[in-house]
Amino acid sequence: MSHQAVPQPAVARKSKSLSGTARIPGDKSISHRSFMFGGLASGETRITGLLEGEDVMRTGDAMKAMGAHIDRRGAEWIITGTGNGALLQAEAPLDFGNAGTGSRLTMGLVGTYDMETTFIGDASLSGRPMGRVLDPLRQMGVQVIDAAPGDRMPLTLRGPRQAAPITYRVPMASAQVKSAVLLAALNTPGITTVIEPVMTRDHTEKMLKGFGANIEVETDEQGVRHIFIEGQGKLTGQVIAVPGDPSSAGFPLVAALIVPGSDITIENVLMNPTRTGLITTLIEMGGKIDILNPRNAGGEDVADLRVRGSELKGVKVPAERAPSMIDEYPVLAVAACFAEGETLMQGLEELRVKESDRLAAVARGLEANGADCTEGETTLSVRGVPGGKGLGGGTVKTHLDHRIAMSFLVMGLASEKPVTVDDQAMIATSFPEFMGLMADLGAEIDQTAA
Ligand SMILES: O=C(O)C1=C[C@@H](OP(=O)(O)O)[C@@H](O)[C@H](O)C1
Ligand SMILES: C=C(OP(=O)(O)O)C(=O)O
């Protein structure tokens, strides 16, 4: 399905206090990896809580095209994998739609196989840089036999007869790049080393260990992580319960903070410390967020969050925190619009290469809705208006970016005037339940005619 033909606008209006309990869908990062590792392992993998968003379904389709069996039985997804080293050449191009994670991790997964694989995607994905993944793959012996200018998709990989292990220092804070090299190592003899100067989400390392890969992580005195992985080992199917996605939780969370009088509970949220930067920041801003029932589920920390309407104040968000909240800056910028004083967000260079240039897309959307902000090369500062007086009234260009759409719909719930987004169709890539879940909490969001 293409989202580019018929835009579906939506409008969010000032809402009365939000209330109720929400269960957000499964974590996108863990869901992609569950399909990939389950599809690669020997035997059966059973997954509950999987995110059934379009991005993850594309990964499932890719794994099926390479020989995995994937079925949904009731609430469970059941995968019979090919066995490590036994993926088949896909007969047609793999279409990853809008998904950076799915495409980049799969490039790593298949790159070291002695076969050809073509990757295609939508207009947003085709504009995103793939050289960050292709560079280390080339060092391992992978040929890029066709790519759009600037190492972009569509592109075709031709794997070597036998790949060579490398030591690779990840040059930018990117879990996708780290993961692509680790996955390429699975079909490479010997030990591949990935050096990660700045820690990013660690789902690949944790989950590969769970599937039986020989992978070790050492952190040196400077805090630099060295990840060692031995290729061509056996992976065995697992039982996985995917926790709720903290990036998706960010939307009802910020909505409840900025709509006065709100009191909601968000259940079963992943609290892995590489993902909780938004919660830390909002608590620093004075957000009333209670972390309830902290527990461990399937090797990950999870908790329920009680969130109440709050008087927020602006803060400086340090650059070091960026990797732990990288997808949450658009919605944090919205929270900042309702805070007293200035919020300064730093270290945002990676936002420029997401589904849209998120730094520019957020700044333009805020300006269109009367917010006072300054866009720097790698920073964004927002000067807030407690109560939201004068905010709203604009239409936001979403540029095929789900997080821009959801963030600005949240803004409309507490702004004096409605906020319109030009297209909400992309929300289905990561959070298909968004509209219904927000409506159940009392949010006034209408899908307007095109
Ligand atoms: O590894 C992952 O699952 C992800 C890594 C991040 O991307 P980068 O690695 O490009 O920072 C994040 O933005 C994306 O939504 C999911
Ligand atoms: C950046 C994101 O995803 P991806 O890179 O997988 O497209 C996101 O979901 O915000």
# chains A, B, ... in the order shown; residues from 1 in each chain; ligands from 1

$ closest_atom_pairs --of "chain A" --to "ligand 1" --cutoff "8 Å" --atoms "only C-alpha atoms and all ligand atoms" --output "Markdown table"
| residue | atom | partner | partner_atom_place_in_ligand_line | distance |
| --- | --- | --- | --- | --- |
| A:Lys28 | CA | ligand 1 | 3 (O) | 6.8 |
| A:Ser29 | CA | ligand 1 | 3 (O) | 3.7 |
| A:Ile30 | CA | ligand 1 | 3 (O) | 7.1 |
| A:His32 | CA | ligand 1 | 3 (O) | 7.4 |
| A:Arg33 | CA | ligand 1 | 3 (O) | 7.9 |
| A:Gly100 | CA | ligand 1 | 14 (C) | 7.1 |
| A:Thr101 | CA | ligand 1 | 3 (O) | 5.4 |
| A:Leu105 | CA | ligand 1 | 1 (O) | 7.9 |
| A:Ala173 | CA | ligand 1 | 11 (O) | 6.2 |
| A:Ser174 | CA | ligand 1 | 9 (O) | 3.4 |
| A:Ala175 | CA | ligand 1 | 9 (O) | 3.8 |
| A:Gln176 | CA | ligand 1 | 9 (O) | 3.7 |
| A:Val177 | CA | ligand 1 | 9 (O) | 6.0 |
| A:Lys178 | CA | ligand 1 | 9 (O) | 7.6 |
| A:Ser179 | CA | ligand 1 | 1 (O) | 6.9 |
| A:Thr200 | CA | ligand 1 | 11 (O) | 7.7 |
| A:Arg201 | CA | ligand 1 | 1 (O) | 6.6 |
| A:His203 | CA | ligand 1 | 1 (O) | 7.6 |
| A:Thr204 | CA | ligand 1 | 1 (O) | 7.8 |
| A:Pro323 | CA | ligand 1 | 11 (O) | 6.9 |
| A:Ile326 | CA | ligand 1 | 13 (O) | 5.8 |
| A:Asp327 | CA | ligand 1 | 13 (O) | 5.3 |
| A:Glu350 | CA | ligand 1 | 11 (O) | 6.6 |
| A:Val353 | CA | ligand 1 | 10 (O) | 7.7 |
| A:Lys354 | CA | ligand 1 | 13 (O) | 6.9 |

$ select_by_dssp --residues "range 124-158 of chain A" --states "strand (DSSP E)" --output "ChimeraX atom specification"
/A:143-148,152-158

$ closest_atom_pairs --of "range 328-404 of chain A" --to "range 238-255 of chain A" --cutoff "7 Å" --atoms "only C-alpha atoms" --output "CSV"
residue,atom,partner,partner_atom,distance
A:Glu328,CA,A:Ser247,CA,6.2
A:Val331,CA,A:Phe251,CA,6.7
A:Ala335,CA,A:Val254,CA,6.1

$ closest_atom_pairs --of "range 7-61 of chain A" --to "range 291-313 of chain A" --cutoff "9 Å" --atoms "only C-alpha atoms" --output "Markdown table"
| residue | atom | partner | partner_atom | distance |
| --- | --- | --- | --- | --- |
| A:Ser17 | CA | A:Gly309 | CA | 8.0 |
| A:Leu18 | CA | A:Gly309 | CA | 8.7 |
| A:Thr21 | CA | A:Arg306 | CA | 9.0 |

$ write_last_selection --atoms "C-alpha atoms" --output "mmCIF file, in the first residue's frame"
data_model
loop_
_atom_site.group_PDB
_atom_site.id
_atom_site.type_symbol
_atom_site.label_atom_id
_atom_site.label_comp_id
_atom_site.auth_asym_id
_atom_site.auth_seq_id
_atom_site.Cartn_x
_atom_site.Cartn_y
_atom_site.Cartn_z
ATOM 1 C CA SER A 17 -8.882 16.436 30.734
ATOM 2 C CA LEU A 18 -7.709 13.018 29.523
ATOM 3 C CA THR A 21 -5.782 3.407 31.041
#

$ select_by_dssp --residues "range 127-349 of chain A" --states "alpha helix (DSSP H)" --output "VMD selection string"
chain A and resid 131 to 139 175 to 185 203 to 210 246 to 258 277 to 284 329 to 337

$ residues_around --residues "range 162-166 of chain A" --least-positions-apart "5" --cutoff "7 Å" --atoms "only C-alpha atoms" --output "ChimeraX atom specification"
/A:112,140-141,185,188-193
